[in-house]
$ cat upload.txt   # compact mmCIF, C-alpha atoms
# COMPACT_ATOMS: atom_id res chain seq x y z
CA MET A 1 -88.39 -195.01 -56.89
CA ASN A 2 -91.47 -193.08 -55.90
CA PRO A 3 -93.70 -192.43 -58.96
CA LEU A 4 -94.12 -188.77 -57.99
CA GLN A 5 -90.36 -188.31 -57.86
CA ARG A 6 -90.03 -189.91 -61.30
CA LEU A 7 -92.76 -187.63 -62.60
CA LEU A 8 -91.07 -184.56 -61.15
CA GLY A 9 -87.86 -185.75 -62.79
CA TYR A 10 -89.54 -185.36 -66.18
CA ALA A 11 -90.60 -181.84 -65.19
CA ARG A 12 -87.07 -180.84 -64.13
CA PRO A 13 -86.12 -179.30 -67.51
CA TYR A 14 -89.05 -176.91 -67.12
CA ARG A 15 -88.19 -175.59 -63.67
CA GLY A 16 -88.04 -172.00 -64.92
CA ARG A 17 -91.69 -172.24 -65.92
CA PHE A 18 -92.44 -173.92 -62.60
CA VAL A 19 -90.81 -171.05 -60.71
CA ALA A 20 -92.94 -168.59 -62.69
CA ALA A 21 -96.06 -170.67 -61.97
CA SER A 22 -95.14 -170.78 -58.28
CA ALA A 23 -94.72 -167.01 -58.22
CA ALA A 24 -98.16 -166.63 -59.79
CA MET A 25 -99.57 -169.03 -57.17
CA VAL A 26 -98.05 -166.98 -54.36
CA LEU A 27 -99.56 -163.83 -55.90
CA TYR A 28 -102.93 -165.64 -56.11
CA ALA A 29 -102.70 -166.58 -52.43
CA ALA A 30 -101.76 -163.03 -51.45
CA ALA A 31 -104.67 -161.62 -53.47
CA THR A 32 -107.05 -164.11 -51.88
CA ALA A 33 -105.96 -163.01 -48.41
CA ALA A 34 -106.15 -159.37 -49.52
CA VAL A 35 -109.80 -159.83 -50.47
CA ALA A 36 -110.52 -160.95 -46.93
CA ALA A 37 -108.57 -157.99 -45.58
CA LEU A 38 -110.47 -155.52 -47.78
CA ILE A 39 -113.95 -156.89 -47.07
CA SER A 40 -113.71 -156.30 -43.32
CA PRO A 41 -113.32 -152.48 -43.48
CA VAL A 42 -116.09 -152.26 -46.05
CA ILE A 43 -118.51 -154.02 -43.73
CA ASP A 44 -117.30 -152.29 -40.56
CA LYS A 45 -116.76 -148.70 -41.75
CA VAL A 46 -117.92 -147.98 -45.27
CA LEU A 47 -121.42 -149.48 -45.32
CA PRO A 48 -122.62 -148.00 -42.00
CA GLN A 49 -121.29 -144.51 -42.82
CA GLY A 50 -121.92 -144.60 -46.56
CA THR A 51 -118.68 -142.81 -47.44
CA GLY A 52 -115.66 -144.04 -49.35
CA LEU A 53 -117.50 -146.85 -51.06
CA ARG A 54 -116.06 -146.01 -54.48
CA SER A 55 -112.43 -146.21 -53.33
CA TRP A 56 -112.95 -149.52 -51.53
CA CYS A 57 -114.77 -150.99 -54.52
CA THR A 58 -111.90 -149.86 -56.76
CA LYS A 59 -109.40 -151.54 -54.43
CA LEU A 60 -111.46 -154.73 -54.38
CA LEU A 61 -111.75 -154.70 -58.16
CA ILE A 62 -107.97 -154.31 -58.54
CA VAL A 63 -107.33 -157.17 -56.12
CA TYR A 64 -109.80 -159.40 -57.99
CA VAL A 65 -108.13 -158.55 -61.30
CA VAL A 66 -104.73 -159.47 -59.83
CA LYS A 67 -106.21 -162.67 -58.39
CA GLY A 68 -107.77 -163.63 -61.72
CA ALA A 69 -104.64 -162.83 -63.72
CA SER A 70 -102.42 -164.79 -61.37
CA ALA A 71 -104.83 -167.75 -61.37
CA TYR A 72 -104.80 -167.69 -65.17
CA ALA A 73 -101.01 -167.44 -65.33
CA SER A 74 -100.43 -170.28 -62.87
CA THR A 75 -102.98 -172.52 -64.59
CA TYR A 76 -101.56 -171.72 -68.02
CA LEU A 77 -97.99 -172.39 -66.95
CA MET A 78 -98.82 -175.62 -65.10
CA THR A 79 -100.82 -176.86 -68.09
CA ASP A 80 -97.91 -175.96 -70.35
CA ILE A 81 -95.53 -177.92 -68.12
CA GLY A 82 -97.96 -180.85 -68.18
CA GLN A 83 -98.14 -180.76 -71.98
CA ARG A 84 -94.37 -180.68 -72.28
CA VAL A 85 -93.91 -183.54 -69.82
CA VAL A 86 -96.49 -185.58 -71.74
CA ARG A 87 -94.70 -184.85 -75.00
CA ASP A 88 -91.42 -186.04 -73.50
CA LEU A 89 -93.06 -189.15 -72.06
CA ARG A 90 -94.75 -189.99 -75.35
CA ASP A 91 -91.49 -189.55 -77.25
CA ARG A 92 -89.71 -191.84 -74.83
CA LEU A 93 -92.56 -194.36 -74.91
CA PHE A 94 -92.69 -194.40 -78.72
CA ARG A 95 -88.92 -194.91 -78.91
CA HIS A 96 -89.20 -197.75 -76.41
CA ILE A 97 -92.04 -199.43 -78.30
CA LEU A 98 -90.24 -199.13 -81.62
CA ASP A 99 -87.21 -200.88 -80.13
CA GLN A 100 -89.27 -203.94 -79.17
CA SER A 101 -89.02 -207.27 -80.93
CA ALA A 102 -91.66 -208.80 -83.19
CA SER A 103 -92.61 -211.29 -80.46
CA PHE A 104 -93.51 -208.37 -78.18
CA PHE A 105 -96.06 -207.17 -80.73
CA SER A 106 -97.43 -210.68 -81.28
CA ARG A 107 -98.11 -211.11 -77.54
CA ARG A 108 -100.03 -207.84 -77.19
CA THR A 109 -103.02 -206.53 -79.03
CA THR A 110 -103.10 -203.18 -80.74
CA GLY A 111 -105.75 -202.04 -78.28
CA GLN A 112 -103.53 -202.74 -75.27
CA LEU A 113 -100.65 -200.78 -76.75
CA MET A 114 -102.85 -197.86 -77.79
CA SER A 115 -104.47 -197.79 -74.36
CA ARG A 116 -101.06 -197.54 -72.70
CA ILE A 117 -99.92 -194.81 -75.04
CA THR A 118 -103.00 -192.62 -74.78
CA ASN A 119 -104.75 -193.21 -71.47
CA ASP A 120 -101.81 -193.70 -69.14
CA VAL A 121 -99.94 -190.71 -70.49
CA ASN A 122 -103.08 -188.56 -70.27
CA GLN A 123 -103.41 -189.48 -66.59
CA VAL A 124 -99.86 -188.28 -66.08
CA GLN A 125 -100.74 -185.02 -67.83
CA GLN A 126 -103.73 -184.51 -65.56
CA ALA A 127 -101.57 -185.18 -62.49
CA VAL A 128 -98.92 -182.68 -63.55
CA SER A 129 -101.07 -179.88 -64.90
CA GLU A 130 -104.23 -180.00 -62.81
CA THR A 131 -103.75 -181.91 -59.57
CA ILE A 132 -100.36 -180.56 -58.53
CA GLY A 133 -101.25 -177.04 -59.66
CA ASP A 134 -104.53 -176.96 -57.78
CA LEU A 135 -102.95 -178.49 -54.70
CA LEU A 136 -100.19 -175.88 -54.61
CA ARG A 137 -102.43 -172.93 -55.48
CA GLU A 138 -105.11 -173.72 -52.90
CA GLY A 139 -102.56 -174.80 -50.30
CA LEU A 140 -100.86 -171.43 -50.59
CA SER A 141 -104.28 -169.76 -50.28
CA VAL A 142 -104.89 -171.58 -47.02
CA ILE A 143 -101.49 -170.40 -45.77
CA GLY A 144 -102.39 -166.84 -46.82
CA PHE A 145 -105.72 -167.02 -44.98
CA ALA A 146 -104.00 -168.44 -41.91
CA ALA A 147 -101.40 -165.67 -41.97
CA TYR A 148 -104.14 -163.04 -42.20
CA LEU A 149 -106.08 -164.75 -39.43
CA PHE A 150 -103.04 -164.67 -37.15
CA TYR A 151 -102.44 -161.03 -38.11
CA VAL A 152 -105.98 -160.03 -37.14
CA ASP A 153 -106.20 -161.96 -33.86
CA ALA A 154 -103.48 -164.43 -32.95
CA ARG A 155 -105.22 -165.89 -29.88
CA LEU A 156 -108.47 -166.53 -31.72
CA ALA A 157 -106.53 -167.99 -34.64
CA LEU A 158 -104.66 -170.32 -32.31
CA VAL A 159 -107.94 -171.51 -30.81
CA ALA A 160 -109.43 -172.01 -34.27
CA VAL A 161 -106.38 -173.85 -35.59
CA THR A 162 -106.17 -176.20 -32.62
CA GLY A 163 -109.92 -176.70 -32.30
CA ALA A 164 -110.75 -177.28 -35.96
CA PRO A 165 -108.94 -180.63 -36.30
CA LEU A 166 -110.70 -181.90 -33.18
CA VAL A 167 -114.08 -180.92 -34.64
CA VAL A 168 -113.31 -182.55 -37.99
$ encode --input "upload.txt" --output "structure tokens"
Amino acid sequence: MNPLQRLLGYARPYRGRFVAASAAMVLYAAATAAVAALISPVIDKVLPQGTGLRSWCTKLLIVYVVKGASAYASTYLMTDIGQRVVRDLRDRLFRHILDQSASFFSRRTTGQLMSRITNDVNQVQQAVSETIGDLLREGLSVIGFAAYLFYVDARLALVAVTGAPLVV
């Protein structure tokens, strides 16, 4: 079985929290795209004319507050899921180790067992709480930017999307 699928199996009991974290990530992506949408009129209309700066700054501030709150919520929830998965893994690992025979403990040093219990499980926690969360949050932001780019100018976006992989 794929290790990621096994890992997600441990996170299955916490899917309600994952749905909430995903909703916060979508809100983060929408706020990120909204920042780009709000900056353009400020540069094009407000700064040259000098009028309406206060209202645009207020809008930008609100969007940044929403972006920050949703980033906090998604990070908090993904870290919480990671902590809970690690707790479940450690419980299962401790039960498994306690069921081992005396010869198992004579073949392995205390350091090996402690390393498995602490380091390996901490790597799983980092994968669940940080890596997957960042990947989803920033991936959704890229999708939000792409959607805004296609909204502004679809032909230019198509050229940029097809040309960028060739350049890279």
$ atom_distance --input "upload.txt" --atom1 "CA of Arg137 in chain A" --atom2 "CA of Arg17 in chain A"
15.0 Å
$ atom_distance --input "upload.txt" --atom1 "CA of Leu113 in chain A" --atom2 "CA of Gln126 in chain A"
20.0 Å
$ atom_distance --input "upload.txt" --atom1 "CA of Lys59 in chain A" --atom2 "CA of Ile43 in chain A"
14.3 Å
$ closest_residue --input "upload.txt" --among "A:Val86, A:Ala20, A:Val128, A:Ala31" --to "Ser141 in chain A" --atoms "all atoms listed in the file"
A:Ala31
$ closest_atom_pairs --input "upload.txt" --of "range 16-50 of chain A" --to "range 148-167 of chain A" --cutoff "10 Å" --atoms "only C-alpha atoms" --output "CSV"
residue,atom,partner,partner_atom,distance
A:Ala30,CA,A:Tyr148,CA,9.6
A:Ala33,CA,A:Tyr148,CA,6.5
A:Ala34,CA,A:Tyr148,CA,8.4
A:Ala36,CA,A:Tyr148,CA,8.2
A:Ala37,CA,A:Tyr148,CA,7.5
$ residues_around --input "upload.txt" --residues "Leu136 in chain A" --least-positions-apart "3" --cutoff "12 Å" --atoms "only C-alpha atoms" --output "MDAnalysis selection string"
chainID A and resid 18 21:26 28:29 71 74:75 78 128:133 139:143
$ axis_aligned_box --input "upload.txt" --around "range 72-87 of chain A" --padding-each-side "6 Å" --output "JSON"
{"center_x": -99.4, "center_y": -176.5, "center_z": -68.9, "size_x": 22.9, "size_y": 30.1, "size_z": 24.1}
$ decode --input "upload.txt" --residues "range 103-139 of chain A" --atoms "N, CA, C and O atoms" --output "PDB file, in the first residue's frame"
ATOM      1  N   SER A 103      12.851 -11.603  23.461  1.00  0.00           N
ATOM      2  CA  SER A 103      13.950 -11.725  22.487  1.00  0.00           C
ATOM      3  C   SER A 103      13.986 -10.523  21.545  1.00  0.00           C
ATOM      4  O   SER A 103      15.055 -10.129  21.077  1.00  0.00           O
ATOM      5  N   PHE A 104      12.836  -9.936  21.264  1.00  0.00           N
ATOM      6  CA  PHE A 104      12.791  -8.730  20.444  1.00  0.00           C
ATOM      7  C   PHE A 104      13.587  -7.612  21.107  1.00  0.00           C
ATOM      8  O   PHE A 104      14.373  -6.923  20.458  1.00  0.00           O
ATOM      9  N   PHE A 105      13.403  -7.447  22.415  1.00  0.00           N
ATOM     10  CA  PHE A 105      14.109  -6.382  23.129  1.00  0.00           C
ATOM     11  C   PHE A 105      15.583  -6.696  23.311  1.00  0.00           C
ATOM     12  O   PHE A 105      16.404  -5.783  23.400  1.00  0.00           O
ATOM     13  N   SER A 106      15.947  -7.964  23.332  1.00  0.00           N
ATOM     14  CA  SER A 106      17.372  -8.306  23.472  1.00  0.00           C
ATOM     15  C   SER A 106      18.112  -8.078  22.156  1.00  0.00           C
ATOM     16  O   SER A 106      19.325  -7.848  22.164  1.00  0.00           O
ATOM     17  N   ARG A 107      17.434  -8.164  21.028  1.00  0.00           N
ATOM     18  CA  ARG A 107      18.085  -7.967  19.727  1.00  0.00           C
ATOM     19  C   ARG A 107      18.256  -6.486  19.379  1.00  0.00           C
ATOM     20  O   ARG A 107      19.063  -6.141  18.535  1.00  0.00           O
ATOM     21  N   ARG A 108      17.491  -5.620  19.987  1.00  0.00           N
ATOM     22  CA  ARG A 108      17.545  -4.198  19.652  1.00  0.00           C
ATOM     23  C   ARG A 108      17.961  -3.379  20.872  1.00  0.00           C
ATOM     24  O   ARG A 108      17.584  -3.680  21.986  1.00  0.00           O
ATOM     25  N   THR A 109      18.697  -2.318  20.558  1.00  0.00           N
ATOM     26  CA  THR A 109      19.123  -1.449  21.648  1.00  0.00           C
ATOM     27  C   THR A 109      18.004  -0.470  21.985  1.00  0.00           C
ATOM     28  O   THR A 109      17.089  -0.231  21.199  1.00  0.00           O
ATOM     29  N   THR A 110      18.117   0.116  23.152  1.00  0.00           N
ATOM     30  CA  THR A 110      17.138   1.103  23.587  1.00  0.00           C
ATOM     31  C   THR A 110      17.153   2.307  22.649  1.00  0.00           C
ATOM     32  O   THR A 110      16.104   2.878  22.335  1.00  0.00           O
ATOM     33  N   GLY A 111      18.334   2.673  22.184  1.00  0.00           N
ATOM     34  CA  GLY A 111      18.456   3.813  21.274  1.00  0.00           C
ATOM     35  C   GLY A 111      17.715   3.600  19.965  1.00  0.00           C
ATOM     36  O   GLY A 111      17.102   4.530  19.437  1.00  0.00           O
ATOM     37  N   GLN A 112      17.804   2.379  19.418  1.00  0.00           N
ATOM     38  CA  GLN A 112      17.080   2.089  18.176  1.00  0.00           C
ATOM     39  C   GLN A 112      15.570   2.226  18.373  1.00  0.00           C
ATOM     40  O   GLN A 112      14.878   2.814  17.544  1.00  0.00           O
ATOM     41  N   LEU A 113      15.085   1.676  19.454  1.00  0.00           N
ATOM     42  CA  LEU A 113      13.645   1.730  19.712  1.00  0.00           C
ATOM     43  C   LEU A 113      13.184   3.163  19.952  1.00  0.00           C
ATOM     44  O   LEU A 113      12.150   3.589  19.435  1.00  0.00           O
ATOM     45  N   MET A 114      13.937   3.915  20.735  1.00  0.00           N
ATOM     46  CA  MET A 114      13.571   5.305  21.007  1.00  0.00           C
ATOM     47  C   MET A 114      13.626   6.150  19.736  1.00  0.00           C
ATOM     48  O   MET A 114      12.796   7.037  19.531  1.00  0.00           O
ATOM     49  N   SER A 115      14.612   5.881  18.884  1.00  0.00           N
ATOM     50  CA  SER A 115      14.720   6.607  17.626  1.00  0.00           C
ATOM     51  C   SER A 115      13.492   6.362  16.760  1.00  0.00           C
ATOM     52  O   SER A 115      12.939   7.290  16.165  1.00  0.00           O
ATOM     53  N   ARG A 116      13.052   5.115  16.694  1.00  0.00           N
ATOM     54  CA  ARG A 116      11.856   4.796  15.909  1.00  0.00           C
ATOM     55  C   ARG A 116      10.629   5.494  16.482  1.00  0.00           C
ATOM     56  O   ARG A 116       9.810   6.023  15.738  1.00  0.00           O
ATOM     57  N   ILE A 117      10.522   5.486  17.779  1.00  0.00           N
ATOM     58  CA  ILE A 117       9.323   6.054  18.402  1.00  0.00           C
ATOM     59  C   ILE A 117       9.279   7.564  18.223  1.00  0.00           C
ATOM     60  O   ILE A 117       8.235   8.127  17.903  1.00  0.00           O
ATOM     61  N   THR A 118      10.393   8.229  18.400  1.00  0.00           N
ATOM     62  CA  THR A 118      10.369   9.694  18.367  1.00  0.00           C
ATOM     63  C   THR A 118      10.588  10.254  16.967  1.00  0.00           C
ATOM     64  O   THR A 118       9.745  11.006  16.463  1.00  0.00           O
ATOM     65  N   ASN A 119      11.679   9.906  16.338  1.00  0.00           N
ATOM     66  CA  ASN A 119      12.033  10.554  15.068  1.00  0.00           C
ATOM     67  C   ASN A 119      11.100  10.182  13.927  1.00  0.00           C
ATOM     68  O   ASN A 119      10.676  11.055  13.165  1.00  0.00           O
ATOM     69  N   ASP A 120      10.812   8.917  13.764  1.00  0.00           N
ATOM     70  CA  ASP A 120       9.976   8.509  12.642  1.00  0.00           C
ATOM     71  C   ASP A 120       8.564   9.070  12.756  1.00  0.00           C
ATOM     72  O   ASP A 120       7.978   9.511  11.776  1.00  0.00           O
ATOM     73  N   VAL A 121       8.034   9.060  13.956  1.00  0.00           N
ATOM     74  CA  VAL A 121       6.688   9.581  14.143  1.00  0.00           C
ATOM     75  C   VAL A 121       6.676  11.097  13.958  1.00  0.00           C
ATOM     76  O   VAL A 121       5.722  11.657  13.410  1.00  0.00           O
ATOM     77  N   ASN A 122       7.740  11.786  14.355  1.00  0.00           N
ATOM     78  CA  ASN A 122       7.810  13.234  14.145  1.00  0.00           C
ATOM     79  C   ASN A 122       7.882  13.584  12.656  1.00  0.00           C
ATOM     80  O   ASN A 122       7.359  14.617  12.237  1.00  0.00           O
ATOM     81  N   GLN A 123       8.530  12.737  11.864  1.00  0.00           N
ATOM     82  CA  GLN A 123       8.553  12.967  10.423  1.00  0.00           C
ATOM     83  C   GLN A 123       7.154  12.829   9.834  1.00  0.00           C
ATOM     84  O   GLN A 123       6.773  13.567   8.929  1.00  0.00           O
ATOM     85  N   VAL A 124       6.390  11.896  10.356  1.00  0.00           N
ATOM     86  CA  VAL A 124       5.010  11.743   9.907  1.00  0.00           C
ATOM     87  C   VAL A 124       4.207  12.991  10.277  1.00  0.00           C
ATOM     88  O   VAL A 124       3.412  13.496   9.477  1.00  0.00           O
ATOM     89  N   GLN A 125       4.426  13.504  11.475  1.00  0.00           N
ATOM     90  CA  GLN A 125       3.719  14.713  11.900  1.00  0.00           C
ATOM     91  C   GLN A 125       4.044  15.878  10.974  1.00  0.00           C
ATOM     92  O   GLN A 125       3.160  16.636  10.578  1.00  0.00           O
ATOM     93  N   GLN A 126       5.303  16.032  10.631  1.00  0.00           N
ATOM     94  CA  GLN A 126       5.692  17.121   9.742  1.00  0.00           C
ATOM     95  C   GLN A 126       5.042  16.946   8.378  1.00  0.00           C
ATOM     96  O   GLN A 126       4.575  17.920   7.777  1.00  0.00           O
ATOM     97  N   ALA A 127       4.973  15.716   7.892  1.00  0.00           N
ATOM     98  CA  ALA A 127       4.346  15.476   6.588  1.00  0.00           C
ATOM     99  C   ALA A 127       2.872  15.830   6.615  1.00  0.00           C
ATOM    100  O   ALA A 127       2.355  16.459   5.682  1.00  0.00           O
ATOM    101  N   VAL A 128       2.178  15.451   7.680  1.00  0.00           N
ATOM    102  CA  VAL A 128       0.737  15.706   7.743  1.00  0.00           C
ATOM    103  C   VAL A 128       0.449  17.178   7.970  1.00  0.00           C
ATOM    104  O   VAL A 128      -0.359  17.786   7.275  1.00  0.00           O
ATOM    105  N   SER A 129       1.109  17.775   8.946  1.00  0.00           N
ATOM    106  CA  SER A 129       0.717  19.129   9.336  1.00  0.00           C
ATOM    107  C   SER A 129       1.331  20.211   8.460  1.00  0.00           C
ATOM    108  O   SER A 129       0.661  21.194   8.146  1.00  0.00           O
ATOM    109  N   GLU A 130       2.566  20.065   8.050  1.00  0.00           N
ATOM    110  CA  GLU A 130       3.223  21.150   7.328  1.00  0.00           C
ATOM    111  C   GLU A 130       3.242  20.926   5.822  1.00  0.00           C
ATOM    112  O   GLU A 130       2.781  21.774   5.061  1.00  0.00           O
ATOM    113  N   THR A 131       3.746  19.801   5.380  1.00  0.00           N
ATOM    114  CA  THR A 131       3.956  19.584   3.952  1.00  0.00           C
ATOM    115  C   THR A 131       2.641  19.535   3.186  1.00  0.00           C
ATOM    116  O   THR A 131       2.462  20.253   2.198  1.00  0.00           O
ATOM    117  N   ILE A 132       1.711  18.724   3.635  1.00  0.00           N
ATOM    118  CA  ILE A 132       0.438  18.598   2.926  1.00  0.00           C
ATOM    119  C   ILE A 132      -0.338  19.913   3.006  1.00  0.00           C
ATOM    120  O   ILE A 132      -0.918  20.362   2.014  1.00  0.00           O
ATOM    121  N   GLY A 133      -0.327  20.552   4.171  1.00  0.00           N
ATOM    122  CA  GLY A 133      -1.029  21.824   4.316  1.00  0.00           C
ATOM    123  C   GLY A 133      -0.476  22.904   3.411  1.00  0.00           C
ATOM    124  O   GLY A 133      -1.233  23.620   2.744  1.00  0.00           O
ATOM    125  N   ASP A 134       0.841  23.048   3.388  1.00  0.00           N
ATOM    126  CA  ASP A 134       1.456  24.056   2.523  1.00  0.00           C
ATOM    127  C   ASP A 134       1.207  23.753   1.054  1.00  0.00           C
ATOM    128  O   ASP A 134       0.942  24.659   0.263  1.00  0.00           O
ATOM    129  N   LEU A 135       1.310  22.483   0.698  1.00  0.00           N
ATOM    130  CA  LEU A 135       1.091  22.095  -0.693  1.00  0.00           C
ATOM    131  C   LEU A 135      -0.332  22.439  -1.134  1.00  0.00           C
ATOM    132  O   LEU A 135      -0.537  23.025  -2.202  1.00  0.00           O
ATOM    133  N   LEU A 136      -1.301  22.112  -0.313  1.00  0.00           N
ATOM    134  CA  LEU A 136      -2.691  22.419  -0.667  1.00  0.00           C
ATOM    135  C   LEU A 136      -2.957  23.920  -0.679  1.00  0.00           C
ATOM    136  O   LEU A 136      -3.585  24.441  -1.607  1.00  0.00           O
ATOM    137  N   ARG A 137      -2.483  24.620   0.342  1.00  0.00           N
ATOM    138  CA  ARG A 137      -2.750  26.059   0.453  1.00  0.00           C
ATOM    139  C   ARG A 137      -2.125  26.821  -0.727  1.00  0.00           C
ATOM    140  O   ARG A 137      -2.784  27.622  -1.375  1.00  0.00           O
ATOM    141  N   GLU A 138      -0.881  26.559  -1.018  1.00  0.00           N
ATOM    142  CA  GLU A 138      -0.217  27.287  -2.102  1.00  0.00           C
ATOM    143  C   GLU A 138      -0.681  26.805  -3.470  1.00  0.00           C
ATOM    144  O   GLU A 138      -0.719  27.585  -4.424  1.00  0.00           O
ATOM    145  N   GLY A 139      -1.046  25.530  -3.577  1.00  0.00           N
ATOM    146  CA  GLY A 139      -1.606  25.033  -4.832  1.00  0.00           C
ATOM    147  C   GLY A 139      -2.924  25.710  -5.162  1.00  0.00           C
ATOM    148  O   GLY A 139      -3.183  26.083  -6.318  1.00  0.00           O
TER     149      GLY A 139
END
